[in-house]
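Chemist: Structure: start.cif, mmCIF, C-alpha atoms.
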data_run
loop_
_atom_site.label_atom_id
_atom_site.label_comp_id
_atom_site.auth_asym_id
_atom_site.auth_seq_id
_atom_site.Cartn_x
_atom_site.Cartn_y
_atom_site.Cartn_z
CA MET A 1152 80.76 4.49 -31.51
CA THR A 1153 79.54 0.98 -30.77
CA THR A 1154 82.21 -1.58 -29.91
CA ALA A 1155 82.52 -5.31 -29.36
CA THR A 1156 85.22 -7.30 -27.63
CA VAL A 1157 86.78 -10.06 -29.74
CA ALA A 1158 89.76 -12.35 -29.15
CA VAL A 1159 90.85 -13.23 -32.67
CA ARG A 1160 94.62 -13.33 -32.13
CA LYS A 1161 96.22 -16.47 -30.61
CA GLY A 1162 97.62 -15.92 -27.15
CA SER A 1163 96.66 -12.25 -27.00
CA PRO A 1164 94.05 -10.55 -24.86
CA PRO A 1165 90.72 -9.59 -26.44
CA CYS A 1166 90.57 -6.27 -28.26
CA GLU A 1167 87.82 -3.78 -28.97
CA VAL A 1168 86.55 -3.31 -32.54
CA ASP A 1169 84.40 -0.45 -33.77
CA LEU A 1170 81.23 -2.08 -35.13
CA ASP A 1171 80.29 1.03 -37.09
CA THR A 1172 83.27 0.52 -39.46
CA LEU A 1173 82.30 -3.06 -40.42
CA THR A 1174 80.02 -4.38 -43.16
CA PRO A 1175 76.71 -5.83 -41.86
CA LYS A 1176 77.83 -9.47 -42.02
CA ALA A 1177 81.19 -8.74 -40.35
CA ARG A 1178 79.39 -6.68 -37.69
CA ALA A 1179 77.05 -9.58 -36.89
CA LEU A 1180 80.05 -11.92 -36.78
CA ALA A 1181 81.79 -9.59 -34.30
CA GLU A 1182 78.63 -9.43 -32.17
CA ALA A 1183 78.39 -13.23 -32.19
CA ILE A 1184 82.02 -13.59 -31.10
CA HIS A 1185 81.43 -10.94 -28.43
CA MET A 1186 78.54 -13.06 -27.05
CA SER A 1187 80.61 -16.27 -26.91
CA PRO A 1188 82.59 -17.35 -23.82
CA GLY A 1189 85.90 -15.54 -23.62
CA HIS A 1190 84.94 -13.54 -26.73
CA GLN A 1191 86.58 -16.25 -28.85
CA PRO A 1192 85.52 -17.48 -32.30
CA LEU A 1193 84.92 -21.05 -31.10
CA GLY A 1194 81.99 -21.62 -33.42
CA ILE A 1195 79.30 -19.39 -34.80
CA LEU A 1196 75.70 -20.43 -35.24
CA CYS A 1197 74.40 -19.63 -38.71
CA ASP A 1198 70.76 -19.61 -39.70
CA THR A 1199 69.96 -21.19 -43.06
CA GLY A 1200 66.51 -19.61 -43.25
CA ARG A 1201 64.88 -23.06 -43.23
CA THR A 1202 63.36 -25.18 -40.50
CA LYS A 1203 64.51 -28.62 -39.36
CA GLY A 1204 61.36 -30.01 -40.95
CA ASP A 1205 62.63 -28.92 -44.39
CA ASN A 1206 65.43 -31.48 -44.11
CA PRO A 1207 64.59 -34.47 -46.35
CA ASN A 1208 65.62 -36.91 -43.59
CA HIS A 1209 63.50 -35.27 -40.89
CA SER A 1210 60.71 -37.87 -40.80
CA TYR A 1211 63.23 -40.71 -41.00
CA VAL A 1212 65.19 -39.37 -38.01
CA HIS A 1213 62.34 -38.00 -35.87
CA GLY A 1214 59.34 -40.02 -37.02
CA SER A 1215 55.93 -38.41 -36.99
CA GLY A 1216 53.59 -36.98 -34.41
CA PRO A 1217 53.39 -33.86 -32.26
CA GLU A 1218 56.95 -34.15 -30.92
CA ALA A 1219 58.40 -34.52 -34.44
CA ASP A 1220 56.28 -31.57 -35.62
CA GLU A 1221 57.63 -29.45 -32.75
CA ILE A 1222 61.22 -30.34 -33.69
CA GLY A 1223 60.44 -29.71 -37.37
CA ALA A 1224 59.28 -26.16 -36.62
CA GLN A 1225 62.64 -25.19 -35.05
CA PRO A 1226 65.06 -23.10 -37.15
CA ASP A 1227 67.79 -25.01 -38.98
CA LEU A 1228 70.95 -23.64 -37.38
CA ARG A 1229 74.43 -24.68 -38.53
CA PHE A 1230 77.77 -24.40 -36.81
CA MET A 1231 80.52 -22.55 -38.65
CA ARG A 1232 83.72 -23.93 -37.13
CA ASN A 1233 86.45 -23.04 -39.61
CA LEU A 1234 87.37 -19.76 -37.93
CA GLU A 1235 91.14 -19.82 -37.43
CA PRO A 1236 92.49 -17.18 -35.04
CA LEU A 1237 95.22 -14.88 -36.28
CA PRO A 1238 98.79 -15.84 -35.42
CA ARG A 1239 100.25 -13.63 -32.70
CA ASP A 1240 102.67 -11.95 -35.13
CA ALA A 1241 100.19 -11.44 -38.01
CA GLU A 1242 99.93 -7.92 -39.37
CA ALA A 1243 96.20 -8.13 -40.09
CA THR A 1244 93.88 -6.24 -37.78
CA ALA A 1245 90.87 -7.75 -36.02
CA GLU A 1246 88.62 -5.78 -38.39
CA GLU A 1247 90.34 -7.28 -41.44
CA TRP A 1248 90.02 -10.77 -39.93
CA LEU A 1249 86.30 -10.22 -39.33
CA GLU A 1250 85.71 -8.95 -42.88
CA ARG A 1251 87.64 -11.84 -44.46
CA ASN A 1252 85.80 -14.47 -42.44
CA ALA A 1253 82.42 -12.82 -43.02
CA ARG A 1254 82.98 -13.00 -46.79
CA GLN A 1255 83.86 -16.70 -46.51
CA MET A 1256 80.54 -17.55 -44.90
CA PRO A 1257 78.04 -19.37 -47.10
CA TYR A 1258 76.03 -16.98 -49.24
CA ASP A 1259 72.72 -18.29 -47.91
CA SER A 1260 73.50 -18.05 -44.19
CA TRP A 1261 74.33 -15.32 -41.71
CA PRO A 1262 75.68 -15.20 -38.16
CA VAL A 1263 73.07 -15.54 -35.48
CA ALA A 1264 74.80 -15.86 -32.10
CA GLY A 1265 78.05 -16.85 -30.50
CA ALA A 1266 78.02 -20.57 -29.86
CA ARG A 1267 77.97 -21.52 -26.22
CA SER A 1268 77.77 -25.23 -26.99
CA ARG A 1269 75.95 -27.56 -29.35
CA ILE A 1270 73.53 -28.54 -26.60
CA GLU A 1271 72.38 -25.15 -25.33
CA PRO A 1272 69.46 -23.60 -27.23
CA LEU A 1273 69.81 -20.29 -29.03
CA ASP A 1274 68.52 -17.70 -26.57
CA GLU A 1275 68.91 -14.54 -28.59
CA ARG A 1276 70.09 -13.40 -31.97
CA VAL A 1277 72.82 -10.83 -32.37
CA PRO A 1278 71.43 -7.32 -32.85
CA SER A 1279 72.59 -7.14 -36.50
CA ALA A 1280 71.25 -10.56 -37.58
CA GLU A 1281 68.50 -9.25 -39.86
CA VAL A 1282 70.70 -6.60 -41.49
CA ALA A 1283 73.47 -9.17 -42.02
CA ARG A 1284 70.95 -11.43 -43.72
CA ASP A 1285 70.64 -8.88 -46.52
CA ASP A 1286 74.43 -8.44 -46.90
CA ARG A 1287 75.04 -10.20 -50.21
CA CYS A 1288 78.51 -8.87 -51.01
CA LEU A 1289 80.72 -11.57 -52.46
CA THR A 1290 84.45 -11.93 -52.90
CA ARG A 1291 85.73 -12.23 -56.46
CA ASP A 1292 86.16 -16.00 -56.14
CA GLN A 1293 82.66 -16.44 -54.70
CA ALA A 1294 81.13 -14.36 -57.49
CA VAL A 1295 83.01 -16.24 -60.23
CA ARG A 1296 82.01 -19.62 -58.72
CA ARG A 1297 78.38 -18.55 -58.35
CA LEU A 1298 78.24 -17.36 -61.96
CA ALA A 1299 79.94 -20.55 -63.20
CA ASP A 1300 77.28 -22.62 -61.40
CA ARG A 1301 74.73 -20.77 -63.52
CA GLY A 1302 76.63 -21.36 -66.77
CA ILE A 1303 78.20 -17.90 -67.03
CA VAL A 1304 81.95 -17.82 -67.51
CA LEU A 1305 83.63 -14.62 -66.35
CA THR A 1306 87.26 -14.01 -67.34
CA ASN A 1307 89.68 -11.94 -65.29
CA ASP A 1308 89.53 -9.15 -67.88
CA ALA A 1309 85.73 -9.10 -67.70
CA TRP A 1310 85.89 -8.95 -63.89
CA ILE A 1311 88.28 -6.00 -63.99
CA MET A 1312 86.07 -4.20 -66.49
CA LEU A 1313 83.02 -4.75 -64.26
CA GLN A 1314 84.92 -3.44 -61.26
CA LYS A 1315 85.86 -0.28 -63.13
CA ALA A 1316 82.25 0.20 -64.17
CA GLY A 1317 81.17 -0.11 -60.56
#
Let me see the file written as structure tokens.
Modeler:
Amino acid sequence: MTTATVAVRKGSPPCEVDLDTLTPKARALAEAIHMSPGHQPLGILCDTGRTKGDNPNHSYVHGSGPEADEIGAQPDLRFMRNLEPLPRDAEATAEEWLERNARQMPYDSWPVAGARSRIEPLDERVPSAEVARDDRCLTRDQAVRRLADRGIVLTNDAWIMLQKAG
């Protein structure tokens, strides 16, 4: 059993969660929180899979030359800051909180490391970063929105029928 220490409940001490019971994205999120100061979900660095040079404003902001090329080769990391801790009297478990927040993460990003600060460089990725990258499970709302963006309308009845079909 592999565990991580996370403090996801307001005003309560950190608790241990069993990483083996979590989905890959939730496991990486737990590992990132475990790496952060005080084991708190202050902000999680997410990797978009692009470099800073892929940003359309890169040359405008950084100019050109060897220094700009060096900055452009760095990974494009984003802060995910909308992680609200559980109220002290909430009935949800830390595992449920991790799963819910992992499913709310953007589809094209995955947790990389617990954020120490915006200034400090990313030293190491969480052990499950690559596995979490392949975790493409979506909530119902995410799936319906993603399909609607592609011109496919999915009714509630159709969703239920797909669920039953597996």
Chemist: Give as a ChimeraX atom specification the residues that the PyMOL selection byres ((chain A and resi 1171-1176) around 7) matches when applied to the coordinates above.
Modeler: /A:1152-1153,1169-1170,1177-1180,1253,1261,1279,1282-1283,1286
Chemist: Residues of segment 1152-1198 of chain A within 12 Å of segment 1218-1226 of chain A: nearest atom pair and distance (Å, one decimal) for each, counting only C-alpha atoms, sorted by chain and number, as CSV?
Modeler:
residue,atom,partner,partner_atom,distance
A:Leu1196,CA,A:Pro1226,CA,11.1
A:Cys1197,CA,A:Pro1226,CA,10.1
A:Asp1198,CA,A:Pro1226,CA,7.2
Chemist: Now that the selection is made, can you save its residues with C-alpha atoms as an mmCIF file, keeping the file's coordinate frame?
Modeler:
data_model
loop_
_atom_site.group_PDB
_atom_site.id
_atom_site.type_symbol
_atom_site.label_atom_id
_atom_site.label_comp_id
_atom_site.auth_asym_id
_atom_site.auth_seq_id
_atom_site.Cartn_x
_atom_site.Cartn_y
_atom_site.Cartn_z
ATOM 1 C CA LEU A 1196 75.700 -20.430 -35.240
ATOM 2 C CA CYS A 1197 74.400 -19.630 -38.710
ATOM 3 C CA ASP A 1198 70.760 -19.610 -39.700
#
Chemist: Select, from A:Val1157, A:Ile1184, A:Pro1238, A:Glu1167, the residue with the minimum atom-to-atom distance to Val1277 of chain A, counting only C-alpha atoms.
Modeler: A:Ile1184
Chemist: Of the residues A:Arg1296, A:Glu1250, A:Ser1210, A:Ala1183, which is the one nearest to Met1231 of chain A, using all atoms listed in the file?
Modeler: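 Nearest candidate to Met1231 of chain A out of A:Arg1296, A:Glu1250, A:Ser1210, A:Ala1183: A:Ala1183.
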Chemist: Can you tell me how far atom CA of Lys1203 of chain A sits from atom CA of Ala1294 of chain A, in Å to one decimal?
Modeler: 28.4 Å
Chemist: Could you please determine the separation between atom CA of Trp1248 of chain A and atom CA of Arg1229 of chain A in Å, to one decimal place?
Modeler: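 Those two atoms sit 20.9 Å apart.
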Chemist: In Å, rounded to a single decimal, give me how far atom CA of Lys1161 of chain A is from atom CA of Leu1193 of chain A.
Modeler: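 Computing the Euclidean distance for atom CA of Leu1193 of chain A and atom CA of Lys1161 of chain A yields 12.2 Å.
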Chemist: Of the candidates A:Glu1182, A:Val1304, A:Ser1187, A:Asp1227, which one gets nearest to Arg1201 of chain A if we count all atoms listed in the file?
Modeler: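 Among A:Glu1182, A:Val1304, A:Ser1187, A:Asp1227, it is A:Asp1227 that comes nearest to Arg1201 of chain A.
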